[in-house]
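Peer 1: Structure: upload_36.cif, mmCIF, C-alpha atoms.
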```cif
data_run
loop_
_atom_site.label_atom_id
_atom_site.label_comp_id
_atom_site.auth_asym_id
_atom_site.auth_seq_id
_atom_site.Cartn_x
_atom_site.Cartn_y
_atom_site.Cartn_z
CA MET A 293 -21.53 26.77 -10.50
CA THR A 294 -22.26 23.17 -9.48
CA ARG A 295 -25.14 21.68 -11.44
CA GLN A 296 -28.24 20.65 -9.55
CA PRO A 297 -28.15 16.84 -9.55
CA ASP A 298 -31.26 14.92 -10.51
CA ILE A 299 -31.41 11.43 -9.05
CA SER A 300 -35.16 11.00 -9.31
CA GLY A 301 -35.00 8.55 -12.18
CA LEU A 302 -31.82 6.74 -11.30
CA GLY A 303 -33.64 4.18 -9.19
CA LEU A 304 -35.01 2.68 -12.42
CA ALA A 305 -31.54 1.62 -13.54
CA ILE A 306 -30.72 -2.05 -13.96
CA GLY A 307 -30.14 -3.68 -10.60
CA LYS A 308 -32.09 -0.97 -8.76
CA PRO A 309 -29.26 0.38 -6.62
CA LYS A 310 -30.17 1.70 -3.21
CA ARG A 311 -30.88 5.40 -2.89
CA GLY A 312 -27.94 5.83 -0.52
CA ASP A 313 -25.59 4.39 -3.14
CA LEU A 314 -26.96 6.78 -5.76
CA VAL A 315 -26.39 9.74 -3.46
CA ALA A 316 -22.86 8.49 -2.73
CA GLU A 317 -22.20 8.56 -6.49
CA GLU A 318 -23.50 12.13 -6.68
CA ILE A 319 -21.28 13.18 -3.78
CA LYS A 320 -18.31 11.74 -5.68
CA ARG A 321 -19.29 13.92 -8.65
CA LEU A 322 -19.53 16.90 -6.32
CA ILE A 323 -16.03 16.19 -4.99
CA THR A 324 -14.74 16.10 -8.57
CA GLU A 325 -16.59 19.21 -9.74
CA ARG A 326 -15.49 21.29 -6.76
CA ASP A 327 -11.95 19.87 -6.95
CA LEU A 328 -11.99 19.04 -3.25
CA LYS A 329 -8.72 17.82 -1.74
CA PRO A 330 -7.78 15.87 1.41
CA GLY A 331 -8.61 18.11 4.36
CA ASP A 332 -11.52 19.86 2.62
CA ARG A 333 -14.96 19.42 4.14
CA LEU A 334 -18.15 18.33 2.45
CA PRO A 335 -21.28 20.44 2.87
CA ARG A 336 -23.11 19.74 6.13
CA GLU A 337 -25.72 17.01 6.25
CA GLY A 338 -28.58 19.53 6.05
CA GLU A 339 -27.09 21.15 2.94
CA LEU A 340 -26.63 17.74 1.32
CA GLN A 341 -30.23 16.84 2.13
CA GLN A 342 -31.45 19.96 0.36
CA LEU A 343 -29.05 19.53 -2.54
CA PHE A 344 -30.19 15.96 -3.27
CA SER A 345 -33.75 16.19 -1.92
CA VAL A 346 -33.39 13.09 0.24
CA SER A 347 -33.84 12.18 3.90
CA LYS A 348 -31.24 12.49 6.65
CA SER A 349 -30.97 8.69 6.86
CA THR A 350 -30.19 8.47 3.13
CA ILE A 351 -27.45 11.10 3.45
CA ARG A 352 -25.94 9.27 6.40
CA GLU A 353 -26.06 5.98 4.49
CA ALA A 354 -24.26 7.64 1.55
CA LEU A 355 -21.62 9.18 3.80
CA LYS A 356 -21.04 5.87 5.55
CA SER A 357 -20.53 4.21 2.18
CA LEU A 358 -17.91 6.79 1.24
CA GLU A 359 -16.22 6.35 4.62
CA VAL A 360 -15.99 2.59 4.08
CA GLN A 361 -14.40 3.26 0.70
CA GLY A 362 -11.79 5.40 2.46
CA LEU A 363 -12.71 8.65 0.68
CA ILE A 364 -13.94 10.57 3.73
CA LYS A 365 -13.92 10.44 7.49
CA ILE A 366 -17.01 11.35 9.48
CA SER A 367 -16.99 13.31 12.69
CA THR A 368 -19.93 14.06 14.99
CA GLY A 369 -20.99 17.13 16.91
CA PRO A 370 -21.95 20.69 15.90
CA SER A 371 -19.02 21.01 13.50
CA GLY A 372 -19.17 17.39 12.38
CA GLY A 373 -19.72 15.98 8.93
CA GLY A 374 -17.66 14.51 6.14
CA GLN A 375 -14.04 15.47 5.49
CA ILE A 376 -12.08 14.39 2.41
CA VAL A 377 -9.12 12.15 3.21
CA GLU A 378 -6.42 10.50 1.14
CA VAL A 379 -7.48 6.89 0.58
CA PRO A 380 -5.35 4.79 2.96
CA LEU A 381 -2.91 2.38 1.38
CA ASN A 382 -4.01 -0.45 3.67
CA ARG A 383 -7.66 -0.02 2.62
CA THR A 384 -6.64 -0.17 -1.03
CA PHE A 385 -4.59 -3.28 -0.31
CA GLN A 386 -7.54 -4.92 1.41
CA LEU A 387 -9.81 -4.30 -1.58
CA MET A 388 -7.14 -5.56 -3.98
CA GLN A 389 -6.68 -8.71 -1.92
CA ASN A 390 -10.43 -9.27 -1.91
CA TYR A 391 -10.19 -9.36 -5.70
CA LEU A 392 -7.05 -11.50 -5.85
CA PHE A 393 -8.46 -13.98 -3.33
CA PHE A 394 -10.43 -15.53 -6.17
CA LYS A 395 -7.47 -15.57 -8.58
CA GLU A 396 -4.48 -17.87 -8.90
CA VAL A 397 -1.55 -15.72 -7.77
CA THR A 398 1.73 -17.37 -6.81
CA ILE A 399 4.93 -16.14 -5.21
CA ASP A 400 6.58 -16.59 -8.62
CA ASP A 401 4.02 -14.18 -10.10
CA ILE A 402 4.90 -11.62 -7.46
CA TYR A 403 8.64 -11.89 -8.09
CA THR A 404 8.14 -11.67 -11.85
CA ALA A 405 6.61 -8.24 -11.24
CA ARG A 406 9.24 -7.27 -8.66
CA LYS A 407 12.09 -8.08 -11.06
CA LEU A 408 10.60 -5.66 -13.56
CA LEU A 409 9.54 -2.86 -11.23
CA GLU A 410 11.93 -2.67 -8.28
CA PRO A 411 15.06 -1.74 -10.30
CA GLU A 412 13.22 1.19 -11.88
CA LEU A 413 11.69 2.20 -8.55
CA ALA A 414 15.09 2.28 -6.82
CA ALA A 415 16.86 4.06 -9.66
CA GLY A 416 14.13 6.69 -9.86
CA ALA A 417 14.38 7.35 -6.13
CA VAL A 418 18.13 8.10 -6.18
CA PRO A 419 18.01 11.84 -7.05
CA HIS A 420 15.38 12.45 -4.38
CA LEU A 421 16.86 10.64 -1.38
CA THR A 422 17.58 12.93 1.59
CA GLU A 423 19.93 12.41 4.50
CA ALA A 424 16.89 11.38 6.57
CA ASP A 425 16.10 8.75 3.94
CA PHE A 426 19.64 7.40 4.07
CA GLU A 427 19.51 7.22 7.85
CA ALA A 428 16.22 5.32 7.64
CA LEU A 429 17.67 2.93 5.05
CA GLU A 430 20.74 2.27 7.19
CA HIS A 431 18.58 1.70 10.28
CA SER A 432 16.51 -0.79 8.30
CA ILE A 433 19.65 -2.66 7.23
CA ASP A 434 20.85 -2.81 10.82
CA CYS A 435 17.52 -4.26 11.95
CA CYS A 436 17.32 -6.94 9.25
CA ASP A 437 21.00 -7.95 9.29
CA PRO A 438 21.30 -11.28 11.18
CA SER A 439 24.84 -10.40 12.25
CA SER A 440 23.66 -7.24 14.04
CA GLY A 441 21.88 -9.28 16.70
CA LYS A 442 18.95 -6.82 16.74
CA THR A 443 16.45 -9.64 16.25
CA ARG A 444 16.62 -13.39 15.82
CA ASP A 445 13.05 -13.48 14.56
CA VAL A 446 13.40 -14.33 10.86
CA VAL A 447 9.86 -13.11 10.12
CA ALA A 448 10.72 -9.72 11.63
CA GLN A 449 13.91 -9.67 9.57
CA ARG A 450 12.01 -10.31 6.35
CA THR A 451 9.50 -7.59 7.29
CA GLU A 452 12.35 -5.14 7.80
CA ASP A 453 13.76 -6.15 4.40
CA LEU A 454 10.47 -4.95 2.90
CA ASN A 455 10.59 -1.73 4.92
CA PHE A 456 13.87 -0.96 3.14
CA HIS A 457 12.03 -1.13 -0.19
CA ASP A 458 9.16 0.98 1.16
CA ILE A 459 11.59 3.77 2.06
CA LEU A 460 12.91 3.78 -1.51
CA ALA A 461 9.35 3.74 -2.82
CA ALA A 462 8.40 6.77 -0.72
CA ALA A 463 11.25 8.76 -2.30
CA ASN A 464 10.26 7.96 -5.89
CA PRO A 465 8.13 10.75 -7.44
CA ASN A 466 6.31 8.35 -9.80
CA SER A 467 3.12 7.88 -7.78
CA PHE A 468 1.79 4.98 -9.85
CA LEU A 469 5.06 3.03 -9.73
CA ARG A 470 5.36 3.79 -6.01
CA PHE A 471 1.81 2.59 -5.36
CA THR A 472 2.27 -0.61 -7.35
CA CYS A 473 5.47 -1.56 -5.52
CA GLN A 474 3.97 -0.72 -2.14
CA MET A 475 1.02 -3.00 -2.91
CA ILE A 476 3.41 -5.82 -3.82
CA ASN A 477 5.41 -5.24 -0.64
CA GLU A 478 2.25 -5.37 1.44
CA MET A 479 1.19 -8.63 -0.21
CA LEU A 480 4.55 -10.16 0.68
CA ARG A 481 4.38 -8.75 4.19
CA GLN A 482 0.84 -9.93 4.92
CA LEU A 483 0.53 -13.13 2.92
CA THR A 484 3.92 -14.84 2.58
CA VAL A 485 4.42 -17.98 4.64
CA PHE A 486 7.44 -20.29 4.76
CA GLU A 487 7.44 -24.02 5.41
CA ASN A 488 8.19 -24.86 9.05
CA ASP A 489 10.96 -27.32 8.17
CA THR A 490 13.07 -24.68 6.42
CA PRO A 491 16.69 -24.96 7.63
CA THR A 492 17.79 -22.06 9.85
CA ARG A 493 21.03 -21.76 7.89
CA THR A 494 19.07 -20.95 4.71
CA GLN A 495 17.17 -18.22 6.51
CA ARG A 496 20.48 -16.85 7.78
CA ARG A 497 21.99 -16.89 4.28
CA PHE A 498 18.93 -15.06 2.96
CA GLY A 499 19.25 -12.40 5.65
CA ASP A 500 23.00 -12.02 5.09
CA ALA A 501 22.51 -11.68 1.33
CA ASN A 502 19.79 -9.05 1.76
CA ALA A 503 21.85 -7.00 4.18
CA ARG A 504 24.89 -7.17 1.90
CA VAL A 505 23.08 -5.97 -1.23
CA HIS A 506 21.09 -3.35 0.69
CA LYS A 507 24.38 -1.86 1.91
CA ALA A 508 25.71 -1.81 -1.66
CA ILE A 509 22.51 -0.13 -2.89
CA VAL A 510 22.78 2.57 -0.22
CA ALA A 511 26.44 3.18 -1.08
CA ALA A 512 25.61 3.55 -4.79
CA ALA A 513 22.64 5.78 -3.99
CA ARG A 514 24.82 8.04 -1.82
CA ALA A 515 27.12 8.37 -4.83
CA ARG A 516 24.00 9.29 -6.86
CA ASP A 517 24.76 6.45 -9.26
CA ALA A 518 21.26 5.55 -10.42
CA GLU A 519 22.48 3.05 -13.02
CA GLN A 520 24.46 1.10 -10.43
CA VAL A 521 21.44 1.13 -8.10
CA ARG A 522 19.29 -0.23 -10.94
CA LYS A 523 21.83 -3.00 -11.63
CA LEU A 524 22.20 -3.95 -7.97
CA MET A 525 18.44 -4.04 -7.43
CA ALA A 526 17.94 -6.27 -10.47
CA GLU A 527 20.53 -8.70 -9.08
CA HIS A 528 18.90 -8.46 -5.66
CA MET A 529 15.46 -9.39 -6.98
CA GLN A 530 16.89 -12.36 -8.89
CA GLU A 531 18.75 -13.59 -5.81
CA ALA A 532 15.80 -13.02 -3.48
CA SER A 533 13.52 -14.99 -5.78
CA GLY A 534 15.90 -17.93 -5.56
CA PHE A 535 16.02 -17.80 -1.77
CA VAL A 536 12.24 -17.66 -1.52
CA LYS A 537 12.05 -20.84 -3.59
CA GLN A 538 14.62 -22.53 -1.34
CA LEU A 539 12.57 -21.49 1.69
CA ASN A 540 9.38 -22.90 0.12
CA GLY A 541 7.74 -19.48 0.31
CA LYS A 542 4.08 -19.38 -0.65
CA LEU A 543 1.27 -16.85 -0.72
CA GLN A 544 -1.38 -17.67 1.85
CA GLY A 545 -4.81 -17.42 0.24
CA ARG A 546 -7.01 -15.51 2.66
CA LEU A 547 -8.98 -12.31 3.11
CA ILE A 548 -7.41 -9.46 5.08
CA LEU A 549 -9.35 -8.41 8.18
CA ASP A 550 -9.91 -4.83 9.33
CA SER A 551 -8.30 -5.66 12.65
CA GLU A 552 -5.11 -6.76 10.86
CA MET A 553 -4.88 -3.54 8.87
CA SER A 554 -4.99 -1.41 12.00
CA ARG A 555 -1.90 -3.10 13.44
CA ARG A 556 0.48 -1.40 11.05
CA ALA A 557 0.48 2.22 9.99
CA PRO A 558 1.32 2.83 6.34
CA ALA A 559 4.97 3.56 5.64
CA ARG A 560 5.78 7.24 5.41
CA ARG A 561 8.85 9.03 4.21
CA PRO A 562 11.06 10.29 7.06
CA LYS A 563 11.12 14.06 7.53
#
```
Spell out the structure here as structure tokens.

Peer 2:
Amino acid sequence: MTRQPDISGLGLAIGKPKRGDLVAEEIKRLITERDLKPGDRLPREGELQQLFSVSKSTIREALKSLEVQGLIKISTGPSGGGQIVEVPLNRTFQLMQNYLFFKEVTIDDIYTARKLLEPELAAGAVPHLTEADFEALEHSIDCCDPSSGKTRDVVAQRTEDLNFHDILAAANPNSFLRFTCQMINEMLRQLTVFENDTPTRTQRRFGDANARVHKAIVAAARARDAEQVRKLMAEHMQEASGFVKQLNGKLQGRLILDSEMSRRAPARRPK
């Protein structure tokens, strides 16, 4: 049985949080206690009002706060209310970037982490890759390979390079490792800029090198050789770091806007 929450004295806490924020905290406890999952619905507004002994406006303020955090979505109408959702990756990325905006993070820092994590991510994905995954990986290679002629836009090519890594991430069962690498990929995708005077031939060499090693990784993964995939990915990260330096790649310090997040749906594993 869910305990009856008492928020009457919480307003005396240091900082005097708003009543809506206090109710939002209690709703989080309710979600935990009832073990609610994405797709489950919260009690209706009227039930929440009675449960917490607060006004309709306070309940709506609390629900809006949870919606902004990405924990629920709110629908209107007779059957409306709050529904639990899986926190979107792009919302998490936005909050992380808000934090990192005030820190000194360089492209070298990012590649230091990638060199450590990507080989393990790729190797761990190998036993779980399906034929649909391999088809998606090969399509990604074709799109980012300069020799394929699919696109001459080097920014699009680099974005497709990252999509290759997202497909591997989606196949890895380690949710924390997957999440960490996806966050890094999104930082590179959203924030990396290259100097305008970068020679085209260097961009082409970078694209050729990526396509070549991606093909080798797919071949090793098809052979279910996780150790070879780990080795190839480690070499890939070392080589990619060198190319990024040649291209004068930098992280652009800025805050991510809501409108930018909506442009790209989070990467999902092919079915």

Peer 1: Report as a PDB file with C-alpha atoms, in the coordinates of the input all protein, DNA and RNA residues lying within 9 Å of range 397-409 of chain A, evaluated on all atoms listed in the file, omitting residues in the same chain fewer than 3 positions from it.

Peer 2:
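So selection_8.pdb came out as:
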```pdb
ATOM      1  CA  LEU A 392      -7.050 -11.500  -5.850  1.00  0.00           C
ATOM      2  CA  PHE A 393      -8.460 -13.980  -3.330  1.00  0.00           C
ATOM      3  CA  GLU A 412      13.220   1.190 -11.880  1.00  0.00           C
ATOM      4  CA  LEU A 413      11.690   2.200  -8.550  1.00  0.00           C
ATOM      5  CA  ALA A 414      15.090   2.280  -6.820  1.00  0.00           C
ATOM      6  CA  LEU A 469       5.060   3.030  -9.730  1.00  0.00           C
ATOM      7  CA  THR A 472       2.270  -0.610  -7.350  1.00  0.00           C
ATOM      8  CA  CYS A 473       5.470  -1.560  -5.520  1.00  0.00           C
ATOM      9  CA  ILE A 476       3.410  -5.820  -3.820  1.00  0.00           C
ATOM     10  CA  MET A 479       1.190  -8.630  -0.210  1.00  0.00           C
ATOM     11  CA  LEU A 480       4.550 -10.160   0.680  1.00  0.00           C
ATOM     12  CA  THR A 484       3.920 -14.840   2.580  1.00  0.00           C
ATOM     13  CA  MET A 525      18.440  -4.040  -7.430  1.00  0.00           C
ATOM     14  CA  ALA A 526      17.940  -6.270 -10.470  1.00  0.00           C
ATOM     15  CA  GLU A 527      20.530  -8.700  -9.080  1.00  0.00           C
ATOM     16  CA  HIS A 528      18.900  -8.460  -5.660  1.00  0.00           C
ATOM     17  CA  MET A 529      15.460  -9.390  -6.980  1.00  0.00           C
ATOM     18  CA  GLN A 530      16.890 -12.360  -8.890  1.00  0.00           C
ATOM     19  CA  ALA A 532      15.800 -13.020  -3.480  1.00  0.00           C
ATOM     20  CA  SER A 533      13.520 -14.990  -5.780  1.00  0.00           C
ATOM     21  CA  VAL A 536      12.240 -17.660  -1.520  1.00  0.00           C
ATOM     22  CA  LYS A 537      12.050 -20.840  -3.590  1.00  0.00           C
ATOM     23  CA  GLY A 541       7.740 -19.480   0.310  1.00  0.00           C
ATOM     24  CA  LYS A 542       4.080 -19.380  -0.650  1.00  0.00           C
ATOM     25  CA  LEU A 543       1.270 -16.850  -0.720  1.00  0.00           C
ATOM     26  CA  GLY A 545      -4.810 -17.420   0.240  1.00  0.00           C
TER      27      GLY A 545
END
```

Peer 1: Considering all atoms listed in the file, can you say which of A:Leu381, A:Leu524, A:Cys435, A:Ala428 comes closest to Val505 in chain A?

Peer 2: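 Using all atoms listed in the file, the shortest distance to Val505 in chain A belongs to A:Leu524.
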
Peer 1: Decode the PyMOL selection byres ((chain A and resi 366) around 12) for the given file into explicit residues and return them as a list in words.

Peer 2: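 Matching residues under the PyMOL selection byres ((chain A and resi 366) around 12) are Gly331, Arg333, Leu334, Arg336, Glu337, Arg352, Glu353, Ala354, Leu355, Lys356, Ser357, Leu358, Glu359, Val360, Gly362, Leu363, Ile364, Lys365, Ser367, Thr368, Gly369, Ser371, Gly372, Gly373, Gly374, Gln375, Ile376 and Val377 of chain A.
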
Peer 1: For Ala463 in chain A, which residue out of A:Lys320, A:Arg326, A:His420, A:Arg504 is the nearest one, using all atoms listed in the file?

Peer 2: A:His420

Peer 1: Would you please work out which residue, of A:Glu325, A:Pro419, A:Gln386, A:Ile351, is nearest to Asp517 in chain A when using only C-alpha atoms?

Peer 2: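 Comparing A:Glu325, A:Pro419, A:Gln386, A:Ile351 against Asp517 in chain A, the winner is A:Pro419.
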
Peer 1: Evaluate the PyMOL selection byres ((chain A and resi 459) around 12) here and jot the selected residues down as an NGL selection string.

Peer 2: :A and (413-414 or 417-418 or 420-422 or 424-433 or 452-458 or 460-464 or 470 or 473-474 or 477 or 506 or 510 or 558-563)

Peer 1: CA of Gly499 in chain A and CA of Arg546 in chain A are how many Å apart?

Peer 2: 26.6 Å

Peer 1: Work out how far apart CA of Phe385 in chain A and CA of Ile548 in chain A are and give it in Å to one decimal.

Peer 2: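 A separation of 8.7 Å between them.
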
Peer 1: Go ahead and compute the interatomic distance for CA of Val379 in chain A and CA of Glu339 in chain A, in Å to one decimal.

Peer 2: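 Taking CA of Val379 in chain A as the start and CA of Glu339 in chain A as the end point, the length is 24.4 Å.
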
Peer 1: Which residues match the PyMOL selection byres ((chain A and resi 439) around 12) in the file above, as a PyMOL selection string?

Peer 2: chain A and resi 433-438+440-444+449+496-504

Peer 1: Draw an axis-aligned box over all listed atoms of range 527-531 of chain A, pad each side with 6 Å, and write its centre and edge lengths in Å, one decimal, as AutoDock Vina command-line options.

Peer 2:
```
--center_x 18.0 --center_y -11.0 --center_z -7.4 --size_x 17.1 --size_y 17.1 --size_z 15.4
```

Peer 1: Check the smallest atom-to-atom distance from each of A:Leu322, A:Ala518, A:Leu547, A:Leu539 to Pro411 in chain A using all atoms listed in the file, then report the winner.

Peer 2: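 Once distances to Pro411 in chain A are computed over all atoms listed in the file, the minimum belongs to A:Ala518.
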
Peer 1: So, counting only C-alpha atoms, which residue among A:Arg311, A:Leu328, A:Glu478, A:Arg514 is closest to Ala415 in chain A?

Peer 2: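 Using only C-alpha atoms, the shortest distance to Ala415 in chain A belongs to A:Arg514.
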